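For reference, the structure is listed below as structure tokens.
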Number of protein chains: 2
Amino acid sequence: MNEMRSPPTRCNDCPIREKALFQVVADRYLADAESRRTAQYSLAARATLYQEGAPPTMAYTLFSGWLMLYRNHSDGSRQGLRIALPGDFVGYMPVPISGYSHGAFAVTQAVVCAFRQHDLHAMMEDHVDLARHITSIQAHYIAACETSMLGLGRKSAKERIAYVVAELYHRLAARGEIDREGQLMPFPLTQEMLGELTGLTPVHTNRVLRKLRLDGFMTAERHRIHIPDVGRLCELADYEPPEAA
Amino acid sequence: MNEMRSPPTRCNDCPIREKALFQVVADRYLADAESRRTAQYSLAARATLYQEGAPPTMAYTLFSGWLMLYRNHSDGSRQGLRIALPGDFVGYMPVPISGYSHGAFAVTQAVVCAFRQHDLHAMMEDHVDLARHITSIQAHYIAACETSMLGLGRKSAKERIAYVVAELYHRLAARGEIDREGQLMPFPLTQEMLGELTGLTPVHTNRVLRKLRLDGFMTAERHRIHIPDVGRLCELADYEPPEAA
DNA sequence: CGGGTATTTGACGACTGTCAACGCCAGTGG
DNA sequence: CCACTGGCGTTGACAGTCGTCAAATACCCG
């Protein structure tokens, strides 16, 4: 599918059991999953994982790195739909769907674990609640999409960018990827990608980032963002941090 | 929940079997469904079916009329997410979800059939492929949401409005609700609702509709729209009619 | 060090929102 | 039957956000 994708390898060096966030297959399915899972892939930064419209043969759990889900527009531009972080499950398409509804590419170098959709469907037969689990993952993705629609349709550029950053901050925090002081977050997205997620041009994204910096909300450096006051950023973004689990 | 909702009645006057588009419960589940289904509700135009954040006790199949799914914004405005047409299944939220991710209200007078979420979950245990069916409904909704995100983020007001109309045209056509000549479609949405769906203000929606009329794409009258050339409208909207089934 | 990618900035214009006012129409009550 | 009333649609003037075009700068990788 993409020359940047390295050949499949068995997951021996990265066994499923070590991935606390592996969403799809809970402990009870592990033996089953081990036998059905096909391979682990390593993706170079910018490599395509799957393309919009392609036959959905595989679904993936992200082990490491960031992915971006996107949708192409006929004018050549691209709308970012969602950033996938380690532990997220992407690319699942139930049977009557004949093509991926979106594309996915690696923002950073990334490692994914691939499942055949066919195997997942078979596993849903054997394990009733796996179906509910996948249904739940879909529902969470739906809620995120609805939130994005609200943002794209109603919020200003400043609020949309603040929202993307605030949400990523909390998703990273839940994974322990925010530093001790809670002000510095890794941020491998380019300004162009941030604009794709927020429906803005790269130029305007840059201007808004400057304004956010001047207003003291955040300082976007190379590959990371400093946030002096997360609460204030969330307030601007109208983002409600989820209840700590 | 809403004073405009009429008291529940049994479905005797509107048996499930007559609804060809009833998506959730295929023929094989009908006996089961009849016993579990609680009631049929009639909604007045503008009545709320369920509210964002409320405990998701019920899910609904729309029998007649139009619904609009929406999400409230903190500034008091509202983002339209999707129009539900007869046969559509709305409001399903899997177990870990504690509140509806969006609200729904009746655009026109409407009749829905209500299922307890609890019963649906139980039915998914007994009927394996019902789970897949619901998963598939979710996936179609996801694809629609992704398409909307692309529109809200990348398309002009003219294209977005054209898209909503073109999509509704084809969904109505599939239900046989377009007249013989294929140019006149029912359209109960107010311009304000159309603006909510497209992320526009009512005023600008009106201006764009005028421009679409001047350019010969459509004539929006009271409760209906005339489309002289559907193909040209779809081209403007960048809408691909689904393969005729 | 060189070349490509990413960021930054300015000037300008188009698109869309805001505010305000008016007209149209259907339903209501006298 | 008619006046009233509220919702919806329409239009104008104006402002602000955001996109486009262009160019310069900064940064990374080889």
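In the structure tokens, chains take letters A, B, ... by order of appearance, with residues numbered from 1 within each chain and ligands from 1 in the order shown.
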
Leaving out Met124 in chain B and any residue of its chain fewer than 6 positions from it, which residues lie within 9 Å of it when counting only C-alpha atoms (C1' of nucleotides), given as a PyMOL selection string? (chain A and resi 128+131-132) or (chain B and resi 130-132)

Serialized selection, C-alpha atoms, as a JSON list (two decimals), in the first residue's frame:
[["chain", "number", "residue", "atom", "x", "y", "z"],
["A", 128, "VAL", "CA", -20.45, -11.61, 22.35],
["A", 131, "ALA", "CA", -19.14, -6.70, 19.61],
["A", 132, "ARG", "CA", -20.31, -4.36, 22.33],
["B", 130, "LEU", "CA", -28.04, -7.81, 15.37],
["B", 131, "ALA", "CA", -24.85, -6.49, 16.92],
["B", 132, "ARG", "CA", -23.27, -6.33, 13.50]]

Which residues of range 153-228 of chain A come within 12 Å of range 9-23 of chain C, and for each one, what is the closest pair of atoms and their distance in Å to one decimal, counting only C-alpha atoms (C1' of nucleotides), sorted by chain and residue number, as a Markdown table?
| residue | atom | partner | partner_atom | distance |
| --- | --- | --- | --- | --- |
| A:Arg154 | CA | C:DG17 | C1' | 11.3 |
| A:Ser156 | CA | C:DG17 | C1' | 11.5 |
| A:Val203 | CA | C:DT9 | C1' | 9.5 |
| A:His204 | CA | C:DT9 | C1' | 11.2 |
| A:Asn206 | CA | C:DT9 | C1' | 10.0 |
| A:Arg207 | CA | C:DT9 | C1' | 9.2 |
| A:Arg210 | CA | C:DT9 | C1' | 11.2 |

Give me, as a PyMOL selection string, the residues of range 32-239 of chain B that a backbone DSSP run labels alpha helix (DSSP H). chain B and resi 32-36+117-126+128-154+157-174+191-198+202-214+230-237

Save out the residues we just selected, C-alpha atoms, as a JSON list (two decimals), in the first residue's frame.
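Now in result.json:
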[["chain", "number", "residue", "atom", "x", "y", "z"],
["B", 32, "ASP", "CA", -38.83, -10.71, 19.98],
["B", 33, "ALA", "CA", -39.04, -7.06, 19.16],
["B", 34, "GLU", "CA", -42.80, -6.93, 19.43],
["B", 35, "SER", "CA", -42.59, -8.19, 22.99],
["B", 36, "ARG", "CA", -39.74, -5.91, 24.02],
["B", 117, "GLN", "CA", -31.56, 0.50, 25.32],
["B", 118, "HIS", "CA", -31.50, -2.26, 27.89],
["B", 119, "ASP", "CA", -33.66, -4.45, 25.68],
["B", 120, "LEU", "CA", -31.51, -3.77, 22.66],
["B", 121, "HIS", "CA", -28.44, -4.87, 24.58],
["B", 122, "ALA", "CA", -30.25, -8.02, 25.64],
["B", 123, "MET", "CA", -31.34, -8.70, 22.07],
["B", 124, "MET", "CA", -27.75, -8.35, 20.94],
["B", 125, "GLU", "CA", -26.90, -11.26, 23.21],
["B", 126, "ASP", "CA", -29.51, -13.52, 21.68],
["B", 128, "VAL", "CA", -25.39, -12.22, 17.13],
["B", 129, "ASP", "CA", -25.83, -10.47, 13.83],
["B", 130, "LEU", "CA", -28.04, -7.81, 15.37],
["B", 131, "ALA", "CA", -24.85, -6.49, 16.92],
["B", 132, "ARG", "CA", -23.27, -6.33, 13.50],
["B", 133, "HIS", "CA", -26.33, -4.62, 12.14],
["B", 134, "ILE", "CA", -26.10, -1.89, 14.76],
["B", 135, "THR", "CA", -22.37, -1.65, 14.19],
["B", 136, "SER", "CA", -23.12, -1.11, 10.53],
["B", 137, "ILE", "CA", -25.67, 1.62, 11.29],
["B", 138, "GLN", "CA", -23.04, 3.34, 13.41],
["B", 139, "ALA", "CA", -20.49, 3.06, 10.63],
["B", 140, "HIS", "CA", -22.84, 4.69, 8.15],
["B", 141, "TYR", "CA", -23.48, 7.49, 10.60],
["B", 142, "ILE", "CA", -19.74, 7.87, 11.09],
["B", 143, "ALA", "CA", -19.21, 8.16, 7.35],
["B", 144, "ALA", "CA", -21.91, 10.83, 7.18],
["B", 145, "CYS", "CA", -20.29, 12.72, 10.05],
["B", 146, "GLU", "CA", -16.92, 12.60, 8.33],
["B", 147, "THR", "CA", -18.49, 13.94, 5.16],
["B", 148, "SER", "CA", -20.05, 16.76, 7.15],
["B", 149, "MET", "CA", -16.72, 17.57, 8.75],
["B", 150, "LEU", "CA", -15.18, 17.83, 5.31],
["B", 151, "GLY", "CA", -17.96, 20.14, 4.24],
["B", 152, "LEU", "CA", -17.86, 22.34, 7.33],
["B", 153, "GLY", "CA", -14.09, 22.62, 7.21],
["B", 154, "ARG", "CA", -13.46, 22.98, 3.50],
["B", 157, "ALA", "CA", -21.53, 28.17, 2.04],
["B", 158, "LYS", "CA", -22.98, 27.61, -1.43],
["B", 159, "GLU", "CA", -21.49, 24.13, -1.69],
["B", 160, "ARG", "CA", -22.56, 23.16, 1.82],
["B", 161, "ILE", "CA", -26.17, 24.15, 1.24],
["B", 162, "ALA", "CA", -26.18, 22.46, -2.14],
["B", 163, "TYR", "CA", -24.83, 19.33, -0.49],
["B", 164, "VAL", "CA", -27.50, 19.17, 2.20],
["B", 165, "VAL", "CA", -30.22, 19.57, -0.40],
["B", 166, "ALA", "CA", -28.67, 17.11, -2.83],
["B", 167, "GLU", "CA", -28.19, 14.47, -0.16],
["B", 168, "LEU", "CA", -31.72, 14.86, 1.16],
["B", 169, "TYR", "CA", -33.01, 14.68, -2.40],
["B", 170, "HIS", "CA", -31.43, 11.28, -2.92],
["B", 171, "ARG", "CA", -32.40, 9.95, 0.49],
["B", 172, "LEU", "CA", -35.98, 11.00, -0.19],
["B", 173, "ALA", "CA", -35.85, 9.55, -3.68],
["B", 174, "ALA", "CA", -34.82, 6.20, -2.21],
["B", 191, "GLN", "CA", -33.82, 28.51, 6.65],
["B", 192, "GLU", "CA", -32.64, 28.76, 10.22],
["B", 193, "MET", "CA", -32.40, 24.96, 10.51],
["B", 194, "LEU", "CA", -30.63, 24.77, 7.17],
["B", 195, "GLY", "CA", -28.16, 27.27, 8.57],
["B", 196, "GLU", "CA", -27.71, 25.17, 11.68],
["B", 197, "LEU", "CA", -26.86, 22.18, 9.54],
["B", 198, "THR", "CA", -24.38, 24.09, 7.39],
["B", 202, "PRO", "CA", -29.95, 32.45, 9.06],
["B", 203, "VAL", "CA", -29.25, 35.70, 7.26],
["B", 204, "HIS", "CA", -26.41, 34.34, 5.22],
["B", 205, "THR", "CA", -28.34, 31.16, 4.51],
["B", 206, "ASN", "CA", -31.04, 33.31, 2.98],
["B", 207, "ARG", "CA", -28.55, 35.17, 0.81],
["B", 208, "VAL", "CA", -26.99, 31.97, -0.43],
["B", 209, "LEU", "CA", -30.40, 30.53, -1.26],
["B", 210, "ARG", "CA", -31.13, 33.62, -3.31],
["B", 211, "LYS", "CA", -27.88, 33.22, -5.17],
["B", 212, "LEU", "CA", -28.62, 29.55, -5.81],
["B", 213, "ARG", "CA", -32.00, 30.59, -7.18],
["B", 214, "LEU", "CA", -30.49, 33.27, -9.40],
["B", 230, "VAL", "CA", -30.31, 17.53, -10.11],
["B", 231, "GLY", "CA", -27.07, 16.53, -11.80],
["B", 232, "ARG", "CA", -25.89, 20.11, -11.93],
["B", 233, "LEU", "CA", -26.74, 20.56, -8.26],
["B", 234, "CYS", "CA", -24.80, 17.43, -7.29],
["B", 235, "GLU", "CA", -21.86, 18.66, -9.30],
["B", 236, "LEU", "CA", -21.86, 21.94, -7.44],
["B", 237, "ALA", "CA", -22.20, 20.12, -4.12]]

Please provide as a PyMOL selection string all residues within 6 Å of range 68-75 of chain A, with the sequence filter that same-chain residues fewer than 3 positions apart are discarded (counting only C-alpha atoms (C1' of nucleotides)). chain A and resi 78-83+102-105

Selected residues written out, C-alpha atoms, as a compact mmCIF listing (two decimals), in the first residue's frame:
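As written to disk, again_20.txt reads:
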# COMPACT_ATOMS: atom_id res chain seq x y z
CA ARG A 78 -7.61 17.69 3.07
CA GLN A 79 -9.80 17.75 6.17
CA GLY A 80 -8.27 16.28 9.31
CA LEU A 81 -10.81 14.22 11.24
CA ARG A 82 -9.01 12.95 14.30
CA ILE A 83 -5.60 12.32 15.81
CA HIS A 102 -11.33 8.02 5.54
CA GLY A 103 -7.59 7.75 5.13
CA ALA A 104 -4.92 7.46 7.81
CA PHE A 105 -1.27 8.40 7.79

May I ask which of the residues A:Gly199, A:Pro188, A:Gly99, A:Pro228 is the closest one to chain D, counting only C-alpha atoms (C1' of nucleotides)?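 Of A:Gly199, A:Pro188, A:Gly99, A:Pro228, the one nearest chain D, counting only C-alpha atoms (C1' of nucleotides), is A:Gly199.
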
Please produce, as a Markdown table, a per-residue contact table for chain D versus chain B (criterion: any atom at most 8 Å away, only C-alpha atoms (C1' of nucleotides) considered), showing the nearest atom pair and its distance in Å to one decimal, sorted by chain then residue number.
| residue | atom | partner | partner_atom | distance |
| --- | --- | --- | --- | --- |
| D:DC8 | C1' | B:Thr190 | CA | 7.7 |
| D:DG9 | C1' | B:Asn206 | CA | 7.8 |
| D:DT10 | C1' | B:Asn206 | CA | 7.7 |

With distances taken over only C-alpha atoms, which residue among B:Leu189, B:Ala84, B:Val95, B:Leu184 lies nearest Asp229 in chain B?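 Looking at the shortest contact to Asp229 in chain B, the residue is B:Leu184.
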
Pairwise distance for CA of Tyr60 in chain B and CA of Ala114 in chain B, rounded to one decimal in Å: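 Computed distance, CA of Tyr60 in chain B to CA of Ala114 in chain B, equals 4.6 Å.
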
Strand (DSSP E or B) per DSSP on the backbone: members of range 15-210 of chain A, as an MDAnalysis selection string: chainID A and resid 39:43 48:50 58:64 67:72 78:84 89:90 103:106 110:116 184:186

Output C-alpha atoms for every residue in that selection, as an mmCIF file, in the first residue's frame.
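Everything below was put into result.cif:
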data_model
loop_
_atom_site.group_PDB
_atom_site.id
_atom_site.type_symbol
_atom_site.label_atom_id
_atom_site.label_comp_id
_atom_site.auth_asym_id
_atom_site.auth_seq_id
_atom_site.Cartn_x
_atom_site.Cartn_y
_atom_site.Cartn_z
ATOM 1 C CA ALA A 39 1.438 -8.729 11.917
ATOM 2 C CA GLN A 40 2.932 -5.653 13.377
ATOM 3 C CA TYR A 41 3.875 -2.833 11.037
ATOM 4 C CA SER A 42 6.277 -0.005 11.499
ATOM 5 C CA LEU A 43 5.412 3.185 9.654
ATOM 6 C CA THR A 48 0.030 6.161 4.601
ATOM 7 C CA LEU A 49 -1.592 3.401 6.664
ATOM 8 C CA TYR A 50 -4.706 3.127 4.537
ATOM 9 C CA MET A 58 -7.384 -4.580 7.943
ATOM 10 C CA ALA A 59 -8.023 -2.671 11.143
ATOM 11 C CA TYR A 60 -5.266 -1.448 13.405
ATOM 12 C CA THR A 61 -4.382 -0.808 16.992
ATOM 13 C CA LEU A 62 -1.816 1.928 17.363
ATOM 14 C CA PHE A 63 1.074 0.892 19.566
ATOM 15 C CA SER A 64 3.268 3.959 19.359
ATOM 16 C CA LEU A 67 -1.741 8.928 13.305
ATOM 17 C CA MET A 68 -4.015 11.394 11.591
ATOM 18 C CA LEU A 69 -7.331 10.343 10.103
ATOM 19 C CA TYR A 70 -8.388 12.528 7.217
ATOM 20 C CA ARG A 71 -10.752 12.961 4.321
ATOM 21 C CA ASN A 72 -9.728 14.292 0.923
ATOM 22 C CA ARG A 78 -7.608 17.688 3.069
ATOM 23 C CA GLN A 79 -9.804 17.749 6.167
ATOM 24 C CA GLY A 80 -8.273 16.280 9.310
ATOM 25 C CA LEU A 81 -10.809 14.224 11.244
ATOM 26 C CA ARG A 82 -9.010 12.950 14.301
ATOM 27 C CA ILE A 83 -5.599 12.319 15.808
ATOM 28 C CA ALA A 84 -5.104 8.720 16.920
ATOM 29 C CA PHE A 89 -8.181 1.386 17.411
ATOM 30 C CA VAL A 90 -8.649 2.648 13.868
ATOM 31 C CA GLY A 103 -7.595 7.747 5.133
ATOM 32 C CA ALA A 104 -4.925 7.459 7.811
ATOM 33 C CA PHE A 105 -1.270 8.401 7.794
ATOM 34 C CA ALA A 106 1.508 8.440 10.339
ATOM 35 C CA ALA A 110 4.552 4.737 14.358
ATOM 36 C CA VAL A 111 3.965 1.087 15.122
ATOM 37 C CA VAL A 112 0.602 -0.558 14.589
ATOM 38 C CA CYS A 113 -0.769 -4.020 15.122
ATOM 39 C CA ALA A 114 -2.877 -5.206 12.225
ATOM 40 C CA PHE A 115 -5.966 -7.399 12.377
ATOM 41 C CA ARG A 116 -7.850 -8.780 9.449
ATOM 42 C CA LEU A 184 4.865 20.883 28.381
ATOM 43 C CA MET A 185 3.312 18.549 25.858
ATOM 44 C CA PRO A 186 4.834 16.813 22.851
#

Can you pull out the residues contacting DA26 in chain C? Cut-off 12 Å, using only C-alpha atoms (C1' of nucleotides), and skip same-chain residues under 4 positions away; I want them as a list of chain:residue names.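 Once the nearby chain positions are removed, what remains is D:DT5, D:DG6, D:DG7, D:DC8.
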
Among the residues B:Val107, B:Ile178, B:Ile97, B:Met218, the one that comes closest to chain A [using only C-alpha atoms]: B:Ile97

Taking only C-alpha atoms (C1' of nucleotides) into account, what are the residues of chain C at most 8 Å from chain A, put as a list of chain:residue names? C:DA6, C:DT7, C:DT8

Best match for closeness to chain A among B:Gly76, B:Gly176, B:Gly216, B:Pro86, counting only C-alpha atoms: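 Smallest separation from chain A among the options: B:Gly76.
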
Gap from C1' of DA26 in chain D to CA of Gly65 in chain A - Å, one decimal: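 Spanning C1' of DA26 in chain D to CA of Gly65 in chain A is a straight-line distance of 26.0 Å.
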
Would you mind reading off the distance between C1' of DG3 in chain C and CA of Thr108 in chain A, one decimal, in Å?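 Between these atoms lies a distance of 22.3 Å.
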